[in-house]
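Content type compact mmCIF, C-alpha atoms, from the file query36.txt:
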# COMPACT_ATOMS: atom_id res chain seq x y z
CA MET A 1 0.00 0.00 0.00
CA SER A 2 1.38 3.40 -0.87
CA LYS A 3 1.76 6.10 1.72
CA SER A 4 -0.85 8.28 0.04
CA ASN A 5 -3.33 5.41 -0.08
CA ARG A 6 -2.73 4.64 3.55
CA LYS A 7 -3.53 8.18 4.54
CA THR A 8 -6.66 8.27 2.42
CA GLU A 9 -8.01 5.15 4.04
CA ASN A 10 -6.92 5.59 7.61
CA SER A 11 -6.56 9.24 8.51
CA VAL A 12 -8.71 10.49 11.35
CA PRO A 13 -11.61 12.29 9.66
CA SER A 14 -10.98 16.01 9.85
CA VAL A 15 -11.97 19.18 8.08
CA HIS A 16 -8.45 20.48 8.61
CA ASN A 17 -5.61 20.31 6.16
CA HIS A 18 -2.72 18.89 8.16
CA LYS A 19 0.71 20.08 7.06
CA TYR A 20 2.25 17.10 8.85
CA ASP A 21 1.06 14.36 11.13
CA ILE A 22 2.93 14.79 14.38
CA PHE A 23 4.37 17.76 16.24
CA VAL A 24 6.90 17.11 19.00
CA VAL A 25 7.34 19.73 21.75
CA ASP A 26 10.33 19.00 23.99
CA ASP A 27 12.91 21.44 25.30
CA ASN A 28 15.68 18.85 24.87
CA PHE A 29 16.89 19.12 21.27
CA ASP A 30 18.40 15.63 21.11
CA GLN A 31 15.27 14.02 22.52
CA ALA A 32 12.98 15.94 20.15
CA ASN A 33 15.15 15.28 17.12
CA ILE A 34 15.44 11.53 17.68
CA MET A 35 11.66 11.31 18.12
CA LYS A 36 11.18 13.05 14.79
CA LEU A 37 13.60 10.68 13.06
CA LEU A 38 11.98 7.67 14.69
CA ILE A 39 8.49 8.73 13.65
CA GLU A 40 9.50 9.56 10.09
CA GLN A 41 10.80 6.03 9.63
CA THR A 42 7.18 4.93 9.62
CA GLY A 43 6.26 7.19 6.74
CA LEU A 44 4.46 9.72 8.92
CA LYS A 45 5.57 13.34 8.69
CA ALA A 46 6.84 15.00 11.86
CA LYS A 47 8.13 18.36 13.01
CA PHE A 48 9.52 19.45 16.36
CA THR A 49 10.25 22.52 18.44
CA THR A 50 12.22 23.03 21.64
CA LYS A 51 10.45 26.35 22.30
CA SER A 52 7.19 25.82 24.11
CA GLU A 53 6.20 29.49 23.84
CA ILE A 54 5.88 29.22 20.05
CA ALA A 55 4.41 25.71 20.07
CA TYR A 56 0.79 26.75 20.49
CA GLN A 57 0.82 29.16 17.56
CA THR A 58 2.44 26.48 15.42
CA ILE A 59 -0.24 23.95 16.40
CA LEU A 60 -2.95 26.51 15.65
CA LYS A 61 -1.47 27.25 12.25
CA ASP A 62 -0.38 23.79 11.12
CA LYS A 63 -3.02 21.65 12.80
CA PRO A 64 -1.03 18.43 13.23
CA ARG A 65 -3.02 15.28 13.91
CA LEU A 66 -1.08 14.45 17.05
CA VAL A 67 1.15 16.36 19.46
CA ILE A 68 3.78 14.77 21.69
CA LEU A 69 4.34 16.99 24.73
CA ASP A 70 7.07 17.13 27.34
CA LEU A 71 5.93 18.48 30.73
CA MET A 72 8.82 20.25 32.44
CA MET A 73 9.64 22.99 29.96
CA PRO A 74 10.64 26.61 30.48
CA GLU A 75 8.37 29.41 29.25
CA ILE A 76 5.15 27.38 29.05
CA ASP A 77 4.97 24.03 30.81
CA GLY A 78 3.39 21.03 29.10
CA LEU A 79 0.18 20.98 31.13
CA LYS A 80 -0.56 24.64 30.38
CA LEU A 81 0.04 23.98 26.72
CA LEU A 82 -2.21 20.93 26.88
CA LYS A 83 -4.99 23.00 28.45
CA LYS A 84 -4.68 25.68 25.77
CA ILE A 85 -4.94 23.08 23.04
CA LYS A 86 -7.97 21.41 24.60
CA ASP A 87 -9.72 24.69 25.47
CA ASN A 88 -9.69 25.92 21.87
CA PRO A 89 -12.35 24.39 19.57
CA LEU A 90 -9.93 24.83 16.67
CA THR A 91 -7.36 22.51 18.24
CA GLN A 92 -9.23 20.39 20.75
CA GLU A 93 -9.46 17.39 18.40
CA VAL A 94 -5.67 17.08 18.23
CA LYS A 95 -4.52 13.85 19.88
CA ILE A 96 -2.04 14.28 22.72
CA ILE A 97 0.71 12.01 24.00
CA ILE A 98 2.50 13.24 27.11
CA TYR A 99 6.12 12.05 27.08
CA SER A 100 7.77 13.15 30.28
CA GLY A 101 10.35 12.11 32.84
CA LYS A 102 7.68 12.51 35.49
CA LEU A 103 6.58 9.21 36.92
CA TYR A 104 4.01 10.27 39.48
CA ASP A 105 0.43 9.06 39.38
CA SER A 106 -0.82 12.52 40.34
CA ASP A 107 0.81 14.03 37.24
CA ARG A 108 -0.67 11.28 35.10
CA ARG A 109 -4.15 11.91 36.53
CA LYS A 110 -3.79 15.64 36.00
CA ALA A 111 -2.75 15.18 32.38
CA PHE A 112 -5.71 12.90 31.65
CA MET A 113 -8.05 15.33 33.41
CA LEU A 114 -6.84 18.07 31.06
CA GLY A 115 -7.41 15.92 27.99
CA ALA A 116 -4.25 13.92 27.28
CA ASP A 117 -4.85 10.66 25.43
CA ILE A 118 -1.74 8.72 26.45
CA PHE A 119 0.91 9.33 29.13
CA LEU A 120 4.32 7.75 28.62
CA THR A 121 7.15 8.09 31.13
CA LYS A 122 10.68 8.68 29.79
CA PRO A 123 12.56 6.67 28.87
CA THR A 124 10.36 4.23 27.04
CA ARG A 125 10.99 1.80 24.22
CA SER A 126 10.61 3.00 20.64
CA HIS A 127 7.96 0.40 19.81
CA ILE A 128 5.82 1.60 22.73
CA LEU A 129 5.90 5.17 21.46
CA LEU A 130 5.18 4.07 17.89
CA ASP A 131 2.38 1.72 18.97
CA SER A 132 0.83 4.61 20.92
CA ILE A 133 1.00 6.87 17.89
CA MET A 134 -0.47 4.27 15.56
CA SER A 135 -3.22 3.49 18.00
CA LEU A 136 -4.24 7.13 18.33
CA LEU A 137 -4.06 7.73 14.59
CA GLN A 138 -5.89 4.47 13.92
CA ILE A 139 -3.19 3.09 11.68
CA GLU A 140 -2.58 -0.68 11.53
CA GLN A 141 0.82 -2.15 12.34
CA HIS A 142 1.19 -3.93 8.97
CA GLU A 143 0.83 -0.62 7.19
CA ILE A 144 3.85 0.75 9.03
CA LEU A 145 5.95 -2.18 7.93
CA GLN A 146 5.11 -1.53 4.29
CA ASN A 147 6.57 1.97 4.40
CA MET B 1 30.93 41.92 55.45
CA LYS B 2 28.35 39.17 55.16
CA SER B 3 26.07 39.15 52.11
CA PHE B 4 23.03 37.52 53.69
CA LYS B 5 21.78 35.77 56.77
CA ILE B 6 19.40 32.84 56.77
CA LYS B 7 17.28 31.51 59.60
CA PHE B 8 15.28 28.30 59.72
CA TRP B 9 11.72 28.57 61.02
CA GLY B 10 10.40 25.20 59.81
CA VAL B 11 12.45 22.20 58.69
CA ARG B 12 9.99 19.30 58.75
CA GLY B 13 8.45 17.65 55.69
CA SER B 14 4.88 16.61 55.00
CA ILE B 15 3.13 17.39 58.31
CA PRO B 16 3.92 19.24 61.55
CA THR B 17 5.36 16.95 64.21
CA PRO B 18 5.15 18.50 67.68
CA GLY B 19 6.13 16.42 70.69
CA PRO B 20 8.98 15.39 72.92
CA SER B 21 10.74 13.32 70.23
CA THR B 22 11.26 16.31 67.91
CA LEU B 23 12.29 19.02 70.36
CA LYS B 24 15.86 19.32 69.05
CA TYR B 25 15.14 19.82 65.34
CA GLY B 26 11.57 21.08 65.60
CA GLY B 27 8.26 20.04 64.15
CA ASN B 28 7.19 23.00 62.01
CA THR B 29 6.94 22.56 58.24
CA SER B 30 9.10 24.38 55.69
CA CYS B 31 9.95 28.03 56.13
CA VAL B 32 13.34 29.74 55.73
CA GLU B 33 14.09 33.45 56.10
CA ILE B 34 16.81 35.17 54.07
CA GLN B 35 17.75 38.73 54.99
CA PHE B 36 20.08 40.18 52.38
CA GLN B 37 22.58 42.72 53.66
CA ASP B 38 21.26 46.17 52.61
CA GLY B 39 18.72 44.28 50.53
CA PRO B 40 15.29 42.66 50.61
CA LEU B 41 13.74 40.12 52.95
CA PHE B 42 12.92 36.78 51.29
CA ILE B 43 10.79 34.06 52.84
CA LEU B 44 11.11 30.59 51.35
CA ASP B 45 7.89 28.62 51.69
CA ALA B 46 4.98 29.24 54.02
CA GLY B 47 4.75 26.06 56.06
CA THR B 48 3.79 26.31 59.71
CA GLY B 49 7.19 27.83 60.52
CA ILE B 50 6.08 31.11 58.94
CA ARG B 51 3.83 31.76 61.94
CA GLY B 52 6.81 32.22 64.27
CA LEU B 53 8.63 34.32 61.71
CA GLY B 54 5.59 36.59 61.35
CA ASN B 55 5.29 37.11 65.09
CA THR B 56 8.99 37.99 65.30
CA LEU B 57 8.75 40.48 62.43
CA ILE B 58 5.79 42.18 64.11
CA LYS B 59 7.78 42.69 67.32
CA LYS B 60 10.23 44.87 65.37
CA GLY B 61 7.41 47.40 65.06
CA LYS B 62 8.20 48.44 61.49
CA ALA B 63 6.30 48.14 58.24
CA ILE B 64 7.25 44.85 56.61
CA GLN B 65 8.02 44.34 52.95
CA ALA B 66 8.96 40.82 51.88
CA TYR B 67 9.01 38.42 48.96
CA ILE B 68 7.50 35.00 49.69
CA PHE B 69 8.74 32.23 47.39
CA ILE B 70 6.56 29.14 47.32
CA SER B 71 8.42 26.12 45.95
CA HIS B 72 5.14 24.29 45.31
CA PHE B 73 1.67 24.09 46.79
CA HIS B 74 1.57 20.93 48.84
CA TRP B 75 0.11 21.60 52.26
CA ASP B 76 3.38 21.61 54.16
CA HIS B 77 4.52 24.60 52.10
CA ILE B 78 1.46 26.82 52.41
CA GLN B 79 -0.43 25.82 55.54
CA GLY B 80 1.17 28.51 57.70
CA LEU B 81 0.15 31.41 55.51
CA PRO B 82 -3.31 31.99 57.05
CA PHE B 83 -1.52 32.37 60.41
CA PHE B 84 1.08 34.85 59.13
CA ARG B 85 -0.05 37.86 61.14
CA PRO B 86 1.85 40.51 59.13
CA ALA B 87 -0.52 39.75 56.23
CA TYR B 88 -3.34 41.33 58.27
CA ASP B 89 -1.67 44.73 58.63
CA GLN B 90 -2.24 47.29 55.88
CA ARG B 91 1.19 48.85 56.44
CA ASN B 92 2.85 45.70 55.09
CA SER B 93 3.36 44.48 51.54
CA PHE B 94 4.21 41.08 50.13
CA LEU B 95 4.91 39.62 46.72
CA ILE B 96 4.10 35.92 46.57
CA VAL B 97 6.20 34.21 43.90
CA GLY B 98 5.58 30.72 42.58
CA THR B 99 4.59 28.60 39.63
CA ASP B 100 0.89 28.37 38.95
CA ASP B 101 -1.11 25.37 37.89
CA ALA B 102 -2.38 24.71 34.37
CA ALA B 103 -5.95 25.09 35.54
CA ILE B 104 -5.61 27.39 38.59
CA ASN B 105 -3.73 30.65 38.80
CA LEU B 106 -1.33 31.44 41.62
CA ALA B 107 -3.68 33.79 43.50
CA ASP B 108 -6.48 31.24 43.46
CA ILE B 109 -4.21 28.45 44.69
CA ILE B 110 -3.38 30.56 47.74
CA SER B 111 -6.91 31.81 48.33
CA PHE B 112 -8.60 28.40 47.94
CA GLN B 113 -7.04 27.10 51.15
CA MET B 114 -8.78 30.02 52.86
CA ASP B 115 -12.18 29.19 51.44
CA PRO B 116 -14.76 29.38 54.27
CA THR B 117 -15.16 25.60 54.08
CA TYR B 118 -11.61 25.19 55.35
CA PHE B 119 -10.86 28.38 57.26
CA PRO B 120 -12.99 31.16 58.79
CA ILE B 121 -10.90 34.04 57.39
CA THR B 122 -10.64 34.67 53.66
CA ILE B 123 -7.71 36.07 51.74
CA GLU B 124 -9.72 39.29 51.28
CA ASP B 125 -9.34 39.79 55.03
CA MET B 126 -5.60 40.05 54.58
CA THR B 127 -5.28 43.83 54.56
CA ALA B 128 -1.62 43.98 53.63
CA ASP B 129 -0.81 44.75 50.02
CA ILE B 130 -0.44 41.25 48.58
CA GLN B 131 0.61 40.77 44.97
CA PHE B 132 1.36 37.61 43.05
CA LYS B 133 4.04 36.81 40.51
CA SER B 134 3.76 33.62 38.50
CA ILE B 135 7.06 32.18 37.36
CA THR B 136 8.29 29.09 35.58
CA GLU B 137 11.76 27.69 34.98
CA GLU B 138 13.54 30.97 34.32
CA ASN B 139 15.85 33.71 35.54
CA ILE B 140 14.45 36.78 37.30
CA GLN B 141 15.85 39.74 39.19
CA ILE B 142 14.29 41.12 42.37
CA GLU B 143 15.95 44.27 43.62
CA LYS B 144 19.63 43.27 43.40
CA VAL B 145 19.10 39.56 43.91
CA ASN B 146 19.41 37.28 40.91
CA ILE B 147 17.13 34.23 41.00
CA ASN B 148 17.37 31.13 38.86
CA THR B 149 14.70 28.47 39.04
CA MET B 150 14.57 24.84 38.00
CA TYR B 151 11.82 22.22 37.90
CA LEU B 152 12.46 19.44 40.38
CA ASN B 153 11.52 15.78 40.42
CA HIS B 154 8.44 15.92 42.62
CA PRO B 155 4.72 15.39 42.01
CA GLY B 156 3.23 18.44 40.31
CA TYR B 157 5.45 21.36 39.42
CA ALA B 158 7.96 22.10 42.19
CA LEU B 159 10.68 24.70 41.77
CA GLY B 160 14.20 24.86 43.12
CA PHE B 161 15.64 28.34 43.62
CA ARG B 162 19.18 29.66 43.30
CA PHE B 163 19.64 33.09 44.88
CA SER B 164 22.78 35.05 44.01
CA TYR B 165 23.75 38.26 45.76
CA GLN B 166 27.04 40.11 46.08
CA GLY B 167 28.96 37.15 44.72
CA LYS B 168 27.40 34.66 47.15
CA SER B 169 24.77 32.07 46.37
CA LEU B 170 22.20 29.92 48.12
CA VAL B 171 20.32 27.02 46.53
CA TYR B 172 17.01 25.94 48.06
CA ILE B 173 15.63 22.56 46.99
CA SER B 174 13.04 21.57 49.55
CA ASP B 175 11.41 18.61 47.81
CA ASN B 176 13.24 16.54 45.23
CA GLU B 177 13.75 12.93 44.27
CA PRO B 178 16.65 11.49 42.24
CA PHE B 179 15.98 11.83 38.54
CA TYR B 180 15.86 8.72 36.41
CA THR B 181 19.43 8.20 35.26
CA ALA B 182 21.48 6.02 32.98
CA GLU B 183 22.60 4.09 36.05
CA THR B 184 19.04 3.19 36.96
CA HIS B 185 17.85 2.61 33.40
CA GLN B 186 17.57 -1.04 32.46
CA ASN B 187 18.47 -0.74 28.82
CA THR B 188 16.54 -3.43 27.04
CA ALA B 189 17.17 -2.10 23.56
CA VAL B 190 17.18 -4.73 20.86
CA LYS B 191 20.79 -5.77 20.42
CA ASP B 192 20.85 -6.60 16.71
CA ILE B 193 19.79 -3.17 15.47
CA PRO B 194 22.66 -1.01 14.14
CA SER B 195 23.63 1.71 16.62
CA ASP B 196 22.89 4.54 14.18
CA ARG B 197 19.27 3.51 13.67
CA PRO B 198 16.73 5.93 15.21
CA GLU B 199 14.99 3.19 17.23
CA LYS B 200 18.34 2.15 18.73
CA ILE B 201 19.23 5.73 19.61
CA PHE B 202 15.75 6.35 21.01
CA ASP B 203 15.84 3.21 23.17
CA SER B 204 19.22 4.20 24.61
CA PHE B 205 18.47 7.88 25.12
CA ILE B 206 18.45 9.16 28.69
CA GLU B 207 17.85 12.84 29.31
CA ASP B 208 20.47 13.69 31.94
CA LYS B 209 18.45 15.81 34.35
CA ASP B 210 20.94 15.12 37.13
CA ALA B 211 23.62 16.91 35.13
CA LYS B 212 21.29 19.89 34.86
CA LEU B 213 20.69 19.82 38.62
CA ILE B 214 24.42 19.60 39.35
CA SER B 215 24.99 22.60 37.10
CA PHE B 216 22.17 24.44 38.88
CA CYS B 217 23.84 23.87 42.28
CA GLN B 218 27.43 24.31 41.08
CA ASN B 219 29.73 26.10 43.54
CA ALA B 220 26.89 27.36 45.71
CA ASP B 221 27.92 28.66 49.12
CA ILE B 222 24.95 26.94 50.69
CA LEU B 223 22.81 24.07 49.41
CA ILE B 224 19.62 23.37 51.34
CA HIS B 225 18.27 20.05 50.04
CA ASP B 226 15.60 17.47 50.76
CA THR B 227 17.07 14.66 52.89
CA GLN B 228 13.97 12.87 54.00
CA PHE B 229 15.06 9.25 53.89
CA LEU B 230 17.68 6.70 54.78
CA PRO B 231 18.65 4.74 51.63
CA GLU B 232 16.91 1.62 52.93
CA GLU B 233 13.71 3.61 53.49
CA TYR B 234 13.91 5.08 50.01
CA GLN B 235 13.81 1.61 48.45
CA ASN B 236 10.18 1.38 49.54
CA LYS B 237 9.37 5.03 48.98
CA ARG B 238 10.37 5.65 45.40
CA THR B 239 7.95 8.02 43.68
CA TRP B 240 7.21 9.79 46.97
CA GLY B 241 9.19 12.74 45.62
CA HIS B 242 11.96 12.83 48.23
CA SER B 243 15.63 11.96 48.57
CA PRO B 244 17.78 9.63 50.64
CA TYR B 245 20.78 11.29 52.30
CA ASN B 246 23.35 9.54 50.08
CA TYR B 247 21.84 11.13 46.96
CA THR B 248 21.83 14.56 48.61
CA VAL B 249 25.47 14.21 49.64
CA ASP B 250 26.42 13.01 46.17
CA LEU B 251 24.75 16.07 44.66
CA ALA B 252 26.60 18.36 47.08
CA VAL B 253 29.96 16.74 46.28
CA LYS B 254 29.44 16.77 42.51
CA SER B 255 28.24 20.38 42.69
CA ASN B 256 31.23 21.45 44.77
CA VAL B 257 29.12 23.38 47.26
CA SER B 258 30.67 24.83 50.42
CA GLN B 259 27.94 23.99 52.88
CA LEU B 260 25.18 21.40 52.82
CA ILE B 261 22.06 21.73 54.95
CA LEU B 262 19.93 18.60 55.27
CA PHE B 263 16.29 19.66 55.06
CA HIS B 264 12.68 18.48 54.96
CA HIS B 265 13.04 15.87 57.70
CA ASP B 266 10.72 12.90 57.63
CA PRO B 267 7.77 13.30 60.02
CA ASP B 268 8.42 9.75 61.24
CA HIS B 269 12.03 10.54 62.20
CA ASN B 270 12.75 11.56 65.78
CA ASP B 271 15.72 13.65 66.87
CA GLU B 272 18.00 10.62 67.23
CA GLU B 273 17.23 9.46 63.71
CA ILE B 274 17.99 12.90 62.28
CA ASP B 275 21.24 12.90 64.30
CA LYS B 276 22.03 9.61 62.61
CA ILE B 277 21.33 10.96 59.11
CA GLN B 278 23.54 13.95 59.85
CA ARG B 279 26.33 11.69 61.12
CA LEU B 280 26.14 9.36 58.12
CA SER B 281 26.07 12.30 55.71
CA GLN B 282 29.15 13.83 57.33
CA LYS B 283 30.90 10.46 57.07
CA LEU B 284 30.15 10.23 53.34
CA ILE B 285 31.44 13.75 52.80
CA LYS B 286 34.62 12.91 54.70
CA GLN B 287 35.12 9.91 52.42
CA SER B 288 34.80 12.22 49.41
CA GLN B 289 37.67 14.34 50.81
CA ARG B 290 35.81 17.49 49.95
CA PRO B 291 35.77 20.40 52.44
CA ILE B 292 31.98 20.59 52.70
CA SER B 293 30.44 21.40 56.06
CA CYS B 294 27.20 19.56 56.66
CA LEU B 295 24.44 20.07 59.21
CA ALA B 296 20.87 18.95 59.61
CA ALA B 297 18.57 21.98 59.61
CA MET B 298 16.93 22.77 62.93
CA GLU B 299 14.45 25.42 63.92
CA GLY B 300 16.17 28.61 65.03
CA MET B 301 19.46 27.78 63.32
CA GLU B 302 21.11 30.82 61.70
CA ILE B 303 23.84 30.93 59.05
CA SER B 304 25.55 33.98 57.62
CA VAL B 305 27.41 34.02 54.32

Kindly present the structure from the file in structure tokens form.
Amino acid sequence: MSKSNRKTENSVPSVHNHKYDIFVVDDNFDQANIMKLLIEQTGLKAKFTTKSEIAYQTILKDKPRLVILDLMMPEIDGLKLLKKIKDNPLTQEVKIIIYSGKLYDSDRRKAFMLGADIFLTKPTRSHILLDSIMSLLQIEQHEILQN
Amino acid sequence: MKSFKIKFWGVRGSIPTPGPSTLKYGGNTSCVEIQFQDGPLFILDAGTGIRGLGNTLIKKGKAIQAYIFISHFHWDHIQGLPFFRPAYDQRNSFLIVGTDDAAINLADIISFQMDPTYFPITIEDMTADIQFKSITEENIQIEKVNINTMYLNHPGYALGFRFSYQGKSLVYISDNEPFYTAETHQNTAVKDIPSDRPEKIFDSFIEDKDAKLISFCQNADILIHDTQFLPEEYQNKRTWGHSPYNYTVDLAVKSNVSQLILFHHDPDHNDEEIDKIQRLSQKLIKQSQRPISCLAAMEGMEISV
């Protein structure tokens, strides 16, 4: 199956024109960059920023299908960014994976309360992150392997 | 000439612990006063210790202006504020500095604990001029004091503070747990994947937050740090958000600080157990051959730098 076919058949229905599939927001450049490279191996398009203060405007403009958010970031922390995304009707459909070094249940509960879809604690295995992405974007595993 | 003087008004973690077994170190929760020479008055956290500080400030008979830094909003860091009598005097002014919550702003966090359900006096009854400043992980300047902040490993958002003034520095890290490190990471990455493949790099990647913390504390004159547990206690209390003494000492050694103050004592530790933690910490420092003085914080203790 070609990449374009896959997207036609499996993309989450949306009125928006996504410039790319996944936006990574993490203040650690190396972490953000390796996530982008990992995701792009699957055929999905990804972009990242280390600057949380510009992340919201980028999400508003580009409307990615899924955002991967770190929590402990300068300028705007991940939970505030999550709330802004979920409070705005223009962005509230965006799927959210929290990927943070925080391992506390209270942080997990808070993130879910604010609208996160999946909470992963750093470090995790690459297949867990990719499985989470595919699950949220409703893409089947065999389709990844064909890319 | 000394650059600043600090005094401990509350050194206990989690919950006040009055009683005969805590007379030496004290049972009040977190509160530390910093008086900068020819500079401002800072108050670090508003645990129950702030009540005694407030009463002492009132006795001086002068209008009080102070900056109150709240590391985070767990009870033991704010529960003394309703009993801080200077807040009920219109001659006084305070700036409360802390990080707010995604869903609740800083002023509301403070005022909610004074909702009539929980307390008969509301924040509106505080007649002093009280302002709020929301901060995140950043660098700010208050009067001539430079302040760096850093997110700590603790449930919710908790900040560590580094205060620098006249070439001297104090780091205050009341609640913090060891970050997840390469040493504790069980790397189960698939072995037969080439090392330059993204999945291999991702599986092996550890964000070194400890290195960031060491840099944050580097060469501080005083490090006040969470030392709630013995290592054997910590084994069963991971994810409680607090540190065993060996981690705290290791941080002090790696950061090359001059003085380490063991802080946020466990409510289940009596004076003898805190003596023991102090003794064991001093022994570890001696083994490191670094000239770091080390004391367990106790109520009323004063240090000048």

Considering all atoms listed in the file, give me a table of residues in chain A that are at most 9 Å from chain B, with the closest atom pair and distance in Å for each, as a tab-separated table.
residue	atom	partner	partner_atom	distance
A:Asn28	CA	B:Glu207	CA	7.8
A:Asp30	CA	B:Glu207	CA	8.7
A:Gln31	CA	B:Glu207	CA	7.4
A:Ile34	CA	B:Phe202	CA	6.2
A:Met35	CA	B:Phe202	CA	7.0
A:Leu37	CA	B:Pro198	CA	6.1
A:Leu38	CA	B:Pro198	CA	5.1
A:Ile39	CA	B:Pro198	CA	8.8
A:Gln41	CA	B:Pro198	CA	8.1
A:Met72	CA	B:Tyr151	CA	6.5
A:Met73	CA	B:Glu137	CA	7.2
A:Pro74	CA	B:Glu137	CA	4.8
A:Glu75	CA	B:Thr136	CA	6.3
A:Ile76	CA	B:Thr136	CA	7.4
A:Asp77	CA	B:Thr136	CA	7.7
A:Gly78	CA	B:Ala102	CA	8.6
A:Leu79	CA	B:Ala102	CA	5.6
A:Lys80	CA	B:Ala102	CA	4.4
A:Leu81	CA	B:Ala102	CA	8.1
A:Leu82	CA	B:Ala102	CA	8.4
A:Lys83	CA	B:Ala102	CA	6.7
A:Lys84	CA	B:Ala102	CA	9.0
A:Gly101	CA	B:Tyr180	CA	7.4
A:Lys102	CA	B:Asn153	CA	7.1
A:Leu103	CA	B:Thr239	CA	7.0
A:Tyr104	CA	B:Pro155	CA	5.8
A:Asp105	CA	B:Pro155	CA	8.1
A:Ser106	CA	B:Pro155	CA	6.5
A:Asp107	CA	B:Gly156	CA	5.9
A:Lys110	CA	B:Gly156	CA	8.7
A:Leu114	CA	B:Ala103	CA	8.4
A:Lys122	CA	B:Ile206	CA	7.9
A:Pro123	CA	B:Ile206	CA	6.4
A:Thr124	CA	B:Asp203	CA	6.8
A:Arg125	CA	B:Asp203	CA	5.2
A:Ser126	CA	B:Glu199	CA	5.6
A:His127	CA	B:Glu199	CA	8.0

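Separating atom CA of B:Cys31 from atom CA of B:Lys60 is a distance of 19.2 Å.
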
(request) Quick one: everything within 10 Å of stretch 225-230 of chain B, counting only C-alpha atoms, minus sequence neighbours fewer than 5 positions away in the same chain. Send it as a PyMOL selection string. (result) chain B and resi 11-14+160+171-177+235+237+241-249+251-252+260-269+273-274+276-278+280-281+296-297

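Here atom CA of B:Phe73 is placed at a distance of 12.3 Å from atom CA of B:Leu44.
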
(request) Select, from B:Ser111, B:Ser164, B:Thr29, B:Asn256, the residue with the minimum atom-to-atom distance to B:Ser288, counting all atoms listed in the file. (result)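 Closest candidate: B:Asn256.
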
So for stretch 72-83 of chain A, what box centre and size do we get, axis-aligned, 4 Å extra on each of the six sides, every listed atom, Å to one decimal, as AutoDock Vina command-line options?
--center_x 2.8 --center_y 24.8 --center_z 29.6 --size_x 23.6 --size_y 17.2 --size_z 13.7

(message) Using only C-alpha atoms, which protein or nucleic acid residues come within 9 Å of B:Phe112? Drop anything in the same chain fewer than 4 positions from it, and give the result as a PyMOL selection string.
(response) chain B and resi 107-108+116+118+122-123

Writing out the chosen residues with C-alpha atoms as a PDB file, in the frame of the given file:
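Okay, again_8.pdb is ready:
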ATOM      1  CA  ALA B 107      -3.680  33.790  43.500  1.00  0.00           C
ATOM      2  CA  ASP B 108      -6.480  31.240  43.460  1.00  0.00           C
ATOM      3  CA  PRO B 116     -14.760  29.380  54.270  1.00  0.00           C
ATOM      4  CA  TYR B 118     -11.610  25.190  55.350  1.00  0.00           C
ATOM      5  CA  THR B 122     -10.640  34.670  53.660  1.00  0.00           C
ATOM      6  CA  ILE B 123      -7.710  36.070  51.740  1.00  0.00           C
TER       7      ILE B 123
END

(message) Counting all atoms listed in the file, which residue out of B:Phe161, B:Trp75, B:Tyr234, B:Phe8 sits closest to B:Asn139?
(response)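 Answer, going by the shortest atom-to-atom distance: B:Phe161.
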
(message) To one decimal place in Å, what is the distance between atom CA of B:Asp76 and atom CA of B:Gly47?
(response)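 Interatomic distance, atom CA of B:Asp76 to atom CA of B:Gly47: 5.0 Å.
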
(request) Compare A:Ile22, A:Leu44, A:Ile98, A:Ile133 by their minimum atom-to-atom distance to A:Asp62, counting all atoms listed in the file, and give me the closest one. (result) A:Ile22

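Residues with any atom within 12 Å of A:Leu136, counting all atoms listed in the file and excluding same-chain neighbours fewer than 4 positions away, are Asn10, Ser11, Val12, Asp21, Ile22, Arg65, Leu66, Val67, Ile68, Glu93, Val94, Lys95, Ile96, Ile97, Ala116, Asp117, Ile118, Leu129, Leu130, Asp131, Ser132 and Glu140 of chain A.
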
Those residues with C-alpha atoms, as a compact mmCIF listing (two decimals), in the coordinates of the input please?
# COMPACT_ATOMS: atom_id res chain seq x y z
CA ASN A 10 -6.92 5.59 7.61
CA SER A 11 -6.56 9.24 8.51
CA VAL A 12 -8.71 10.49 11.35
CA ASP A 21 1.06 14.36 11.13
CA ILE A 22 2.93 14.79 14.38
CA ARG A 65 -3.02 15.28 13.91
CA LEU A 66 -1.08 14.45 17.05
CA VAL A 67 1.15 16.36 19.46
CA ILE A 68 3.78 14.77 21.69
CA GLU A 93 -9.46 17.39 18.40
CA VAL A 94 -5.67 17.08 18.23
CA LYS A 95 -4.52 13.85 19.88
CA ILE A 96 -2.04 14.28 22.72
CA ILE A 97 0.71 12.01 24.00
CA ALA A 116 -4.25 13.92 27.28
CA ASP A 117 -4.85 10.66 25.43
CA ILE A 118 -1.74 8.72 26.45
CA LEU A 129 5.90 5.17 21.46
CA LEU A 130 5.18 4.07 17.89
CA ASP A 131 2.38 1.72 18.97
CA SER A 132 0.83 4.61 20.92
CA GLU A 140 -2.58 -0.68 11.53

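Restricting the calculation to all atoms listed in the file, the smallest distance between A:Thr58 and any of A:Ala32, A:His18, A:Met134, A:Lys45 is found for A:His18.
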
(message) If we draw a sphere of 8 Å around (32.0, 27.5, 46.2), which residues have at least one atom in it when counting only C-alpha atoms? Please report them as number ranges by chain.
(response) B: 218-221, 256-258

(request) Write out as a ChimeraX atom specification the residues lying within 12 Å of stretch 143-147 of chain B, counting only C-alpha atoms and excluding same-chain residues fewer than 3 positions away. (result) /B:3-4,34-42,66-67,69,97,135-140,150,159-172,216
